[in-house]
Amino acid sequence: MSWTTRPSTLLVVTALSTLAACGDDTEATSSGAGGAGGASPTAIAFAPLGSIVGESGKGSFRFGAASAATQIENANPRTDWWTWTAPEDQGGLDRGKGFVGDASNGYDLALSDVALLTESHLDAYRFSIEWSRIEPERDVIDEEAIAHYGALLDALIAAGIRPMVTVHHFSNPIWVADPRDPDCLNGPTDDNLCGFGSEGSPAILEEISEHAALLAERFGDRVDEWATVNEPVNYLIAGYGIGQFPPGKQSILSESSLLGELIPVVRDYLRFHAAIYDALKASDTIDADGDGSPADVGFTLSVASWAPTQNNAASEAQQDVDAAARVEYVYHHLFVDALRQGRFDSDLDGTMDEDLPEVAGTVDWLGVQYYFRAGVTGTGADGSPGGVLPVLNVTPCFPPFDFGACLPIADPTKCIPAMRYEYWEPGLYEVLRDFSQRWPDLPLVVTESGIATEVGQRRAEHVVRSLEQIARAQDDGADVRGYYHWSLFDNFEWAEGFEPRFGLYQVDYQSYARTPTEGATVLGEIALSREISVARRKELGGLGPMTPEGDGSACP
């Protein structure tokens, strides 16, 4: 296919021009945005709770929160993130901005944390079951860990909270890919299968299939909604492309290594997802909620509002527009298209050129995870055509690193200092609209959307504005069936450590006490009434400035 600008990219350009012309008081007047300067907003109502895919699916909507095991659970030296972040004198690699350690003490407090969901009137909870706890050594099953997660599911069901379980959320047992030996000089062995794209990959696929089947057999009587993997593009780039996540491989900065090393990893991970999907479908045969579907299986995808930087000569503006379209294709469409079609774009040129029939049709619903807007240019750091990333020939903005691609922030109140990126409300609407047009038969769920902040009103503003954009997308025909706030409570934020605070509940890392933020109060109010009131929209919604946190200088 030839590279063309997708509708959402065009919308970014149009919207930016409009905002620049009209100023900060400009507000959308549809049900997706209200506030000062536009028509008076109306209340927004959300449909009753139902399943994602089953008989009661379409028209249903759930309000939930999300978490991930490694980010919240304490004392798990069997996971690769423990080794990756532990101090060197404890046998670790001391990578990132902090030791995961006891995280938020979420394993010990799992049952009491269910009360946080009920206090917030939430009806759904997305969490992951840690593979390294269930299978700490290859083919060794820990029955106590299975009982622990079973008790958590029992508590959720008793509280009327629908569970969504993520099977693989960025972390592995150390024996899958030991980051202390990323080149796998002694493997593959039972202690180190060497990760994706290696000789150990077939064994990893076999092991994850067995693991997913075990989860389905033990928990399928209580779980109908499963996510196979979390944010595959981010995970693979971070772990195998730039070495920021375990196992710490770097393969993205030259054409030969990207195509020769990273692409085989992507191909393996597509098969990894499909292996989980097939095992869940085969082994979860109990329809827990009576909707006619025992296992609705999808995955979650990291998305962004990728915008052409267009800060170079006017004659080169189209170069940036095209570059943004290429980044959007890889982040938003490559993985989903492969799973729906059973074909793979092995050279990232925009055309499926390889049959991969074993992955075809392995997605029932798609999770959308939106946080920020970022610039993309088609030039390198020196202004020459091409970009810093080979093959795609693009330079995306990856804060805090700016190679000339980052966009100036029109409103510094939208800067997220802890993450050094920009929150931009309409981006969520754009992605949902684009996906619903591209895959009209694929149900969408916003499985993550959140803001790193210690200002309670700021979090409440993010909740209302995100839900406004979801409602706007629904009005335009997008089949969006839920909103899961990231996250239920503060957690270990991977390479960023403990500085970012994403929780509806703030965690005191000395006592591990959970304290509700204004975001928890406002989301709970909306979840209880299934409505965003006119008053809340006027107070917290729209596209105008947010309650400040810093002066915006932390963002490019």
# chains A, B, ... in the order shown; residues from 1 in each chain; ligands from 1

call {"tool": "select_by_dssp", "arguments": {"residues": "segment 24-206 of chain A", "states": "strand (DSSP E or B)", "output": "PDB file with C-alpha atoms, in the first residue's frame"}}
result
ATOM      1  CA  ILE A  44     -24.136  12.598  29.463  1.00  0.00           C
ATOM      2  CA  ALA A  45     -25.755   9.235  30.254  1.00  0.00           C
ATOM      3  CA  ARG A  62     -18.818  -0.561  32.488  1.00  0.00           C
ATOM      4  CA  PHE A  63     -16.910   1.726  34.830  1.00  0.00           C
ATOM      5  CA  GLY A  64     -13.739   0.180  36.172  1.00  0.00           C
ATOM      6  CA  ALA A  65     -10.151   0.592  37.258  1.00  0.00           C
ATOM      7  CA  ALA A  66      -7.024  -1.274  36.197  1.00  0.00           C
ATOM      8  CA  THR A  79       9.905 -11.997  38.131  1.00  0.00           C
ATOM      9  CA  ALA A 124     -15.343  -3.837  36.852  1.00  0.00           C
ATOM     10  CA  TYR A 125     -11.680  -4.472  37.645  1.00  0.00           C
ATOM     11  CA  ARG A 126      -8.910  -5.294  35.198  1.00  0.00           C
ATOM     12  CA  PHE A 127      -5.851  -6.916  36.781  1.00  0.00           C
ATOM     13  CA  SER A 128      -3.153  -9.381  35.796  1.00  0.00           C
ATOM     14  CA  GLU A 137      10.186 -22.476  37.920  1.00  0.00           C
ATOM     15  CA  VAL A 140       6.553 -26.145  38.721  1.00  0.00           C
ATOM     16  CA  ARG A 162     -16.784  -8.044  36.984  1.00  0.00           C
ATOM     17  CA  PRO A 163     -13.167  -9.260  36.612  1.00  0.00           C
ATOM     18  CA  MET A 164     -11.096  -8.841  33.468  1.00  0.00           C
ATOM     19  CA  VAL A 165      -7.840 -10.811  33.672  1.00  0.00           C
ATOM     20  CA  THR A 166      -4.705  -9.897  31.717  1.00  0.00           C
ATOM     21  CA  VAL A 167      -2.515 -12.943  31.145  1.00  0.00           C
ATOM     22  CA  HIS A 168       0.733 -11.166  30.188  1.00  0.00           C
ATOM     23  CA  PRO A 173       9.240 -15.474  35.106  1.00  0.00           C
ATOM     24  CA  THR A 189      17.849 -23.997  29.203  1.00  0.00           C
ATOM     25  CA  ASN A 192      16.631 -19.289  30.709  1.00  0.00           C
TER      26      ASN A 192
END

call {"tool": "closest_atom_pairs", "arguments": {"of": "segment 156-193 of chain A", "to": "segment 109-123 of chain A", "cutoff": "7 Å", "atoms": "only C-alpha atoms", "output": "CSV"}}
result
residue,atom,partner,partner_atom,distance
A:Leu156,CA,A:Val114,CA,6.5
A:Gly160,CA,A:Asp123,CA,6.7
A:Ile161,CA,A:Asp123,CA,4.6
A:Arg162,CA,A:Asp123,CA,6.1

call {"tool": "write_last_selection", "arguments": {"atoms": "C-alpha atoms", "output": "JSON list (two decimals), in the first residue's frame"}}
result
[["chain", "number", "residue", "atom", "x", "y", "z"],
["A", 156, "LEU", "CA", -14.70, -9.53, 43.41],
["A", 160, "GLY", "CA", -20.60, -7.53, 42.26],
["A", 161, "ILE", "CA", -17.45, -6.53, 40.39],
["A", 162, "ARG", "CA", -16.78, -8.04, 36.98]]

call {"tool": "closest_residue", "arguments": {"among": "A:Gly98, A:Gly292, A:Gly298, A:Gly248", "to": "Pro500 of chain A", "atoms": "only C-alpha atoms"}}
result
A:Gly98

call {"tool": "closest_residue", "arguments": {"among": "A:Pro396, A:Pro548, A:Gly150, A:Gly427", "to": "Gly456 of chain A", "atoms": "only C-alpha atoms"}}
result
A:Pro548

call {"tool": "atom_distance", "arguments": {"atom1": "atom CA of Val303 of chain A", "atom2": "atom CA of Tyr331 of chain A"}}
result
6.6 Å
